[in-house]
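Worksheet: one structure, shown below.
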Amino acid sequence: MKLADDVKVLAVDRKSMADVKQGVFVGITAMPQPDGSQKAVEIHIFPEALRGTGEGHRPWDLVPNSTMTNAAVATEVASGNGKTLVLKYRDGEKTFEVPPNVVVVTYAPATAAELKPGVKVFTAAAKKLPDGTLEASNITVGRNGVNPPM
């Protein structure tokens, strides 16, 4: 993997469900449930500067049948098994059951100096170059023992 000359590097830092509030823009990796809701597996809190990134609902490749929804938290209520969140995006909304043990992270600025052998990274978009290698225009790196959960 090569890095683009203008690569954007972010790190993931641990957060908690207390940081997931109405109006916050998040990405939720989830598994569809028989009742049409989604069971959250991971929650990624986007800094305000990244609001709107990848907004919408789509299939995801974390595990078979998983989904990704990037949207603002419209409502949150406590439930018997954690919290229920409703996310609204421009083309619709989705309801998520959030178990108490869900992984919650946020994105923070980072530098290419944090990209060292053995550190886990994630990139959502890499371009295949003519020689067959991949070039990343953005990359997320784990920090302080937190690995990119994607």
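Every chain in the structure tokens has a letter given in the order shown (A, B, ...), and although residue numbers restart at 1 in each chain, ligands are simply numbered from 1 in the order shown.
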
When you look at Glu55 (chain A) with a cut-off of 6 Å (counting only C-alpha atoms), what residues show up, excluding the ones that are within fewer than 2 positions of it in the same chain? I need them as a VMD selection string. chain A and resid 52 to 53 70 to 71

I'd like the neighbourhood of Ala78 (chain A) as a list of chain:residue names, where a residue qualifies if any of its atoms comes within 12 Å (using only C-alpha atoms), though same-chain residues fewer than 2 positions away should be ignored.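 Here the answer would be A:Met17, A:Ala18, A:Lys21, A:Thr75, A:Glu76, A:Gly80, A:Asn81, A:Gly82, A:Lys83, A:Thr84, A:Leu85, A:Val86, A:Phe96, A:Glu97, A:Val98, A:Pro99, A:Pro100.
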
Export N, CA and C atoms of the chosen residues as a PDB file, in the first residue's frame?
```pdb
ATOM      1  N   MET A  17     -20.778   5.388  25.298  1.00  0.00           N
ATOM      2  CA  MET A  17     -22.146   5.713  24.893  1.00  0.00           C
ATOM      3  C   MET A  17     -22.580   7.066  25.438  1.00  0.00           C
ATOM      4  N   ALA A  18     -21.961   7.539  26.502  1.00  0.00           N
ATOM      5  CA  ALA A  18     -22.297   8.867  27.032  1.00  0.00           C
ATOM      6  C   ALA A  18     -21.983   9.963  26.014  1.00  0.00           C
ATOM      7  N   LYS A  21     -25.022  11.324  21.537  1.00  0.00           N
ATOM      8  CA  LYS A  21     -26.169  12.128  21.952  1.00  0.00           C
ATOM      9  C   LYS A  21     -26.948  12.622  20.738  1.00  0.00           C
ATOM     10  N   THR A  75     -33.015  10.553  17.794  1.00  0.00           N
ATOM     11  CA  THR A  75     -33.542  10.298  19.139  1.00  0.00           C
ATOM     12  C   THR A  75     -32.741   9.191  19.792  1.00  0.00           C
ATOM     13  N   GLU A  76     -32.740   9.222  21.117  1.00  0.00           N
ATOM     14  CA  GLU A  76     -32.105   8.177  21.905  1.00  0.00           C
ATOM     15  C   GLU A  76     -32.965   7.925  23.127  1.00  0.00           C
ATOM     16  N   GLY A  80     -34.224  -1.836  27.816  1.00  0.00           N
ATOM     17  CA  GLY A  80     -33.845  -2.894  28.743  1.00  0.00           C
ATOM     18  C   GLY A  80     -32.485  -3.485  28.464  1.00  0.00           C
ATOM     19  N   ASN A  81     -32.043  -3.415  27.209  1.00  0.00           N
ATOM     20  CA  ASN A  81     -30.759  -4.005  26.825  1.00  0.00           C
ATOM     21  C   ASN A  81     -29.733  -2.964  26.396  1.00  0.00           C
ATOM     22  N   GLY A  82     -29.842  -1.740  26.855  1.00  0.00           N
ATOM     23  CA  GLY A  82     -28.890  -0.697  26.462  1.00  0.00           C
ATOM     24  C   GLY A  82     -29.618   0.563  26.064  1.00  0.00           C
ATOM     25  N   LYS A  83     -29.500   0.931  24.788  1.00  0.00           N
ATOM     26  CA  LYS A  83     -30.166   2.120  24.254  1.00  0.00           C
ATOM     27  C   LYS A  83     -30.784   1.797  22.910  1.00  0.00           C
ATOM     28  N   THR A  84     -31.778   2.577  22.546  1.00  0.00           N
ATOM     29  CA  THR A  84     -32.340   2.544  21.200  1.00  0.00           C
ATOM     30  C   THR A  84     -32.040   3.903  20.583  1.00  0.00           C
ATOM     31  N   LEU A  85     -31.424   3.885  19.401  1.00  0.00           N
ATOM     32  CA  LEU A  85     -31.117   5.116  18.676  1.00  0.00           C
ATOM     33  C   LEU A  85     -31.865   5.128  17.359  1.00  0.00           C
ATOM     34  N   VAL A  86     -32.351   6.289  16.975  1.00  0.00           N
ATOM     35  CA  VAL A  86     -32.903   6.485  15.637  1.00  0.00           C
ATOM     36  C   VAL A  86     -31.983   7.460  14.926  1.00  0.00           C
ATOM     37  N   PHE A  96     -31.785   1.546  15.734  1.00  0.00           N
ATOM     38  CA  PHE A  96     -30.705   0.670  16.195  1.00  0.00           C
ATOM     39  C   PHE A  96     -30.892   0.304  17.651  1.00  0.00           C
ATOM     40  N   GLU A  97     -30.761  -0.974  17.945  1.00  0.00           N
ATOM     41  CA  GLU A  97     -30.660  -1.433  19.327  1.00  0.00           C
ATOM     42  C   GLU A  97     -29.169  -1.458  19.639  1.00  0.00           C
ATOM     43  N   VAL A  98     -28.768  -0.804  20.716  1.00  0.00           N
ATOM     44  CA  VAL A  98     -27.358  -0.669  21.057  1.00  0.00           C
ATOM     45  C   VAL A  98     -27.094  -1.395  22.377  1.00  0.00           C
ATOM     46  N   PRO A  99     -26.394  -2.533  22.317  1.00  0.00           N
ATOM     47  CA  PRO A  99     -26.087  -3.260  23.544  1.00  0.00           C
ATOM     48  C   PRO A  99     -25.075  -2.486  24.392  1.00  0.00           C
ATOM     49  N   PRO A 100     -25.044  -2.744  25.701  1.00  0.00           N
ATOM     50  CA  PRO A 100     -24.144  -1.996  26.590  1.00  0.00           C
ATOM     51  C   PRO A 100     -22.663  -2.156  26.254  1.00  0.00           C
TER      52      PRO A 100
END
```

Nearest to Thr69 (chain A), restricted to only C-alpha atoms and choosing among A:Thr123, A:Thr95, A:Thr29, A:Gln22, comes out as A:Thr29

To one decimal in Å, tell me the separation between CA of Ala108 (chain A) and CA of Ala136 (chain A). 18.0 Å

Secondary structure check, helix (DSSP H, G or I) residues of region 21-132 of chain A, as an MDAnalysis selection string: chainID A and resid 48:50 112:114

Pro32 (chain A) surroundings by only C-alpha atoms, 10 Å radius, close-in-sequence under 3 positions cut, as number ranges by chain: A: 35-40, 65-67, 96

Tell me which of A:Asn101, A:Gly54, A:Arg14, A:Thr111 sits closest to Ala125 (chain A), counting only C-alpha atoms.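 Of the candidates, the smallest distance to Ala125 (chain A) is held by A:Gly54.
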
So, counting only C-alpha atoms, which residue among A:Gly142, A:Gly27, A:Pro64, A:Gly118 is closest to Val9 (chain A)?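 Among the listed residues, the smallest separation from Val9 (chain A) belongs to A:Gly142.
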
In Å, with one decimal, what is the gap from CA of Val105 (chain A) to CA of Thr133 (chain A)? 29.6 Å

Might you pull out every residue within 12 Å of Leu115 (chain A), with only C-alpha atoms counted and same-chain residues fewer than 5 positions away left off, and present them as a compact mmCIF listing (two decimals) with N, CA and C atoms, in the first residue's frame?
```txt
# COMPACT_ATOMS: atom_id res chain seq x y z
N MET A 1 0.85 -1.17 0.00
CA MET A 1 0.00 0.00 0.00
C MET A 1 0.89 1.22 0.00
N LYS A 2 0.63 2.10 -0.95
CA LYS A 2 1.32 3.38 -1.01
C LYS A 2 0.39 4.45 -0.48
N LEU A 3 0.97 5.51 0.04
CA LEU A 3 0.17 6.63 0.50
C LEU A 3 0.24 7.74 -0.54
N VAL A 7 -2.11 12.39 1.49
CA VAL A 7 -2.90 11.46 2.30
C VAL A 7 -3.43 12.15 3.57
N LYS A 8 -4.68 11.84 3.91
CA LYS A 8 -5.29 12.34 5.14
C LYS A 8 -5.22 11.21 6.16
N VAL A 9 -4.58 11.47 7.30
CA VAL A 9 -4.41 10.45 8.33
C VAL A 9 -5.25 10.83 9.55
N LEU A 10 -6.06 9.88 10.00
CA LEU A 10 -6.85 10.05 11.21
C LEU A 10 -6.52 8.90 12.16
N ALA A 11 -6.78 9.11 13.44
CA ALA A 11 -6.61 8.06 14.44
C ALA A 11 -7.97 7.80 15.08
N ALA A 110 -4.25 12.89 13.00
CA ALA A 110 -3.04 12.09 13.18
C ALA A 110 -2.06 12.46 12.08
N LYS A 120 -2.29 -1.34 13.46
CA LYS A 120 -3.44 -1.67 12.61
C LYS A 120 -3.98 -0.39 11.97
N VAL A 121 -4.35 -0.53 10.70
CA VAL A 121 -4.87 0.60 9.94
C VAL A 121 -6.10 0.17 9.16
N PHE A 122 -6.83 1.16 8.66
CA PHE A 122 -8.02 0.93 7.84
C PHE A 122 -8.08 2.02 6.79
N ILE A 139 -6.35 7.24 5.47
CA ILE A 139 -6.04 6.05 6.25
C ILE A 139 -6.30 6.36 7.71
N THR A 140 -6.85 5.38 8.43
CA THR A 140 -7.13 5.53 9.84
C THR A 140 -6.23 4.57 10.60
N VAL A 141 -5.61 5.06 11.66
CA VAL A 141 -4.65 4.29 12.44
C VAL A 141 -5.15 4.14 13.87
N GLY A 142 -4.83 3.00 14.48
CA GLY A 142 -5.16 2.80 15.88
C GLY A 142 -4.24 3.62 16.77
N ARG A 143 -4.75 4.01 17.94
CA ARG A 143 -3.96 4.82 18.86
C ARG A 143 -4.30 4.42 20.29
```

Taking only C-alpha atoms into account, which of A:Ala112, A:Val146, A:Glu93, A:Gly132 comes nearest Lys15 (chain A)? A:Val146

Based on DSSP run over this structure's backbone, return all residues of region 39-84 of chain A in strand (DSSP E), as a count of residues only. 27

Kindly indicate which residue among A:Val119, A:Ala30, A:Ala126, A:Ile45 lies nearest to Thr106 (chain A), using only C-alpha atoms for the distances.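 Of the candidates, the smallest distance to Thr106 (chain A) is held by A:Ile45.
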